[in-house]
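Below you'll find the structure, written out as structure tokens, and then a few comments.
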Amino acid sequence: MRDYELMTIHRPDLAESDVDAKITELEAFLAGSEAEVTKRDVWGKRRFAYEIDHMSEGYYTVVSFKAEAEAVAGVDRMLSLADEVVRHKIVRLGD
């Protein structure tokens with residue numbers, strides 16, 4: 001298993017409790033894919049450097065986890081299809 005870091009930006013019109021629920025869903029998906037979530041960091045609502053899809057802010061969260069490549073591909077697909085996620089990025093951390 002390798003170490004990964006996932007940053008997501010959720011839509012600003014969601015309530016903080018909804019964002020928290022979506023992150024919990026994400027962690028449950030990872031756990032179901034035999035991944036281990038090691039850290040969760042909620043940054044809250046932040047302003048963008050530039051507009052994305054006519055939005056100027058969003059809820060930022062960072063989730064660190066250990067997983068195999070198949071689990072990473074699955075979470076990437078899930079987040080690509082999620083309407084409430086504005087952007088996401090998965091980074092494999094160095095050895």
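Letters A, B, ... go to the chains of the structure tokens in the order shown; residues in each chain start at 1; ligands are counted from 1 in the same order.
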Hey, what's within 12 Å of stretch 69-73 of chain A if we count only C-alpha atoms and toss same-chain stuff fewer than 3 positions away? As JSON, numbers by chain, please?
-> {"A": [1, 2, 3, 4, 5, 6, 26, 27, 28, 29, 30, 31, 32, 33, 34, 35, 36, 37, 64, 65, 66, 76, 77, 78, 79, 80, 89, 90, 91, 92]}
Report as a ChimeraX atom specification: the residues of chain A with a DSSP assignment of strand (DSSP E), based on the backbone of this structure.
-> /A:2-10,36-52,55-67,85-92
What does the file look like for those residues with N, CA and C atoms, as a compact mmCIF listing (two decimals), in the first residue's frame?
```txt
# COMPACT_ATOMS: atom_id res chain seq x y z
N ARG A 2 0.43 2.24 -0.71
CA ARG A 2 1.17 3.50 -0.81
C ARG A 2 0.39 4.62 -0.13
N ASP A 3 1.11 5.68 0.20
CA ASP A 3 0.51 6.85 0.84
C ASP A 3 0.02 7.83 -0.22
N TYR A 4 -1.19 8.34 0.00
CA TYR A 4 -1.79 9.31 -0.91
C TYR A 4 -2.38 10.46 -0.11
N GLU A 5 -2.55 11.59 -0.81
CA GLU A 5 -3.22 12.74 -0.24
C GLU A 5 -4.27 13.19 -1.25
N LEU A 6 -5.48 13.42 -0.78
CA LEU A 6 -6.59 13.80 -1.64
C LEU A 6 -7.13 15.15 -1.19
N MET A 7 -7.12 16.12 -2.10
CA MET A 7 -7.73 17.42 -1.80
C MET A 7 -9.01 17.53 -2.60
N THR A 8 -10.09 17.93 -1.93
CA THR A 8 -11.35 18.16 -2.61
C THR A 8 -11.83 19.58 -2.33
N ILE A 9 -12.53 20.13 -3.30
CA ILE A 9 -13.20 21.41 -3.14
C ILE A 9 -14.68 21.17 -3.41
N HIS A 10 -15.50 21.38 -2.40
CA HIS A 10 -16.94 21.19 -2.53
C HIS A 10 -17.62 22.53 -2.82
N GLU A 36 -6.80 2.65 4.11
CA GLU A 36 -6.75 3.10 5.50
C GLU A 36 -6.62 4.62 5.53
N VAL A 37 -7.64 5.30 6.05
CA VAL A 37 -7.59 6.76 6.18
C VAL A 37 -6.74 7.10 7.39
N THR A 38 -5.70 7.90 7.18
CA THR A 38 -4.78 8.23 8.27
C THR A 38 -5.00 9.63 8.85
N LYS A 39 -5.56 10.54 8.04
CA LYS A 39 -5.73 11.91 8.52
C LYS A 39 -6.83 12.60 7.73
N ARG A 40 -7.54 13.50 8.42
CA ARG A 40 -8.59 14.31 7.80
C ARG A 40 -8.37 15.74 8.24
N ASP A 41 -8.27 16.65 7.28
CA ASP A 41 -8.02 18.05 7.58
C ASP A 41 -9.04 18.90 6.85
N VAL A 42 -9.94 19.52 7.58
CA VAL A 42 -10.99 20.37 6.99
C VAL A 42 -10.52 21.82 7.07
N TRP A 43 -10.35 22.43 5.92
CA TRP A 43 -9.88 23.82 5.88
C TRP A 43 -11.03 24.81 5.94
N GLY A 44 -12.22 24.38 5.59
CA GLY A 44 -13.37 25.28 5.61
C GLY A 44 -13.55 26.00 4.28
N LYS A 45 -14.36 27.04 4.31
CA LYS A 45 -14.66 27.80 3.09
C LYS A 45 -13.53 28.78 2.81
N ARG A 46 -12.99 28.70 1.60
CA ARG A 46 -11.89 29.58 1.17
C ARG A 46 -12.23 30.21 -0.18
N ARG A 47 -11.65 31.36 -0.40
CA ARG A 47 -11.83 32.09 -1.66
C ARG A 47 -10.86 31.53 -2.70
N PHE A 48 -11.34 31.39 -3.95
CA PHE A 48 -10.50 30.92 -5.05
C PHE A 48 -9.62 32.06 -5.56
N ALA A 49 -8.53 31.71 -6.18
CA ALA A 49 -7.67 32.70 -6.82
C ALA A 49 -8.33 33.22 -8.11
N TYR A 50 -9.17 32.39 -8.71
CA TYR A 50 -9.92 32.78 -9.91
C TYR A 50 -11.25 32.02 -9.90
N GLU A 51 -12.21 32.50 -10.67
CA GLU A 51 -13.53 31.87 -10.69
C GLU A 51 -13.48 30.51 -11.37
N ILE A 52 -14.24 29.56 -10.82
CA ILE A 52 -14.40 28.24 -11.41
C ILE A 52 -15.90 28.01 -11.56
N MET A 55 -18.15 30.33 -9.72
CA MET A 55 -18.06 30.30 -8.25
C MET A 55 -16.74 30.94 -7.84
N SER A 56 -16.76 31.65 -6.73
CA SER A 56 -15.54 32.32 -6.28
C SER A 56 -15.01 31.76 -4.96
N GLU A 57 -15.70 30.74 -4.39
CA GLU A 57 -15.23 30.11 -3.17
C GLU A 57 -15.75 28.68 -3.07
N GLY A 58 -15.17 27.91 -2.14
CA GLY A 58 -15.58 26.53 -1.95
C GLY A 58 -15.03 25.98 -0.64
N TYR A 59 -15.52 24.81 -0.24
CA TYR A 59 -15.07 24.14 0.99
C TYR A 59 -13.90 23.21 0.66
N TYR A 60 -12.76 23.47 1.26
CA TYR A 60 -11.56 22.67 1.02
C TYR A 60 -11.40 21.61 2.12
N THR A 61 -11.04 20.40 1.71
CA THR A 61 -10.69 19.34 2.66
C THR A 61 -9.52 18.54 2.10
N VAL A 62 -8.70 18.01 3.00
CA VAL A 62 -7.58 17.16 2.63
C VAL A 62 -7.70 15.86 3.43
N VAL A 63 -7.65 14.74 2.72
CA VAL A 63 -7.72 13.43 3.35
C VAL A 63 -6.45 12.67 2.97
N SER A 64 -5.71 12.19 3.98
CA SER A 64 -4.53 11.36 3.75
C SER A 64 -4.93 9.92 3.97
N PHE A 65 -4.44 9.03 3.10
CA PHE A 65 -4.81 7.62 3.22
C PHE A 65 -3.74 6.73 2.60
N LYS A 66 -3.81 5.44 2.95
CA LYS A 66 -2.94 4.41 2.37
C LYS A 66 -3.83 3.48 1.59
N ALA A 67 -3.44 3.19 0.33
CA ALA A 67 -4.30 2.36 -0.51
C ALA A 67 -3.50 1.74 -1.65
N VAL A 85 -18.75 18.15 -5.97
CA VAL A 85 -17.30 18.37 -5.96
C VAL A 85 -16.92 19.26 -7.14
N VAL A 86 -16.34 20.42 -6.83
CA VAL A 86 -15.92 21.35 -7.88
C VAL A 86 -14.62 20.86 -8.51
N ARG A 87 -13.64 20.51 -7.68
CA ARG A 87 -12.35 20.01 -8.13
C ARG A 87 -11.83 18.99 -7.11
N HIS A 88 -10.98 18.08 -7.59
CA HIS A 88 -10.28 17.18 -6.68
C HIS A 88 -8.92 16.84 -7.28
N LYS A 89 -8.00 16.48 -6.41
CA LYS A 89 -6.65 16.12 -6.85
C LYS A 89 -6.12 15.05 -5.91
N ILE A 90 -5.59 13.98 -6.47
CA ILE A 90 -4.99 12.90 -5.69
C ILE A 90 -3.50 12.89 -5.99
N VAL A 91 -2.70 12.92 -4.93
CA VAL A 91 -1.24 12.96 -5.08
C VAL A 91 -0.65 11.78 -4.32
N ARG A 92 0.24 11.04 -4.98
CA ARG A 92 0.95 9.97 -4.30
C ARG A 92 2.15 10.58 -3.60
```
Between atom CA of A:Asp53 and atom CA of A:Thr24, measure the distance and give it in Å to one decimal.
-> 25.3 Å
Expressed in Å to a single decimal, how great is the separation between atom CA of A:His54 and atom CA of A:Glu84?
->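 Atom CA of A:His54 sits 14.3 Å away from atom CA of A:Glu84.
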Between atom CA of A:Leu93 and atom CA of A:Asp18 - distance in Å to one decimal |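 Spanning atom CA of A:Asp18 to atom CA of A:Leu93 is a straight-line distance of 28.4 Å.
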Which of chain A counts as helix (DSSP H, G or I) under DSSP, as a PyMOL selection string please?
-> chain A and resi 16-32+69-81
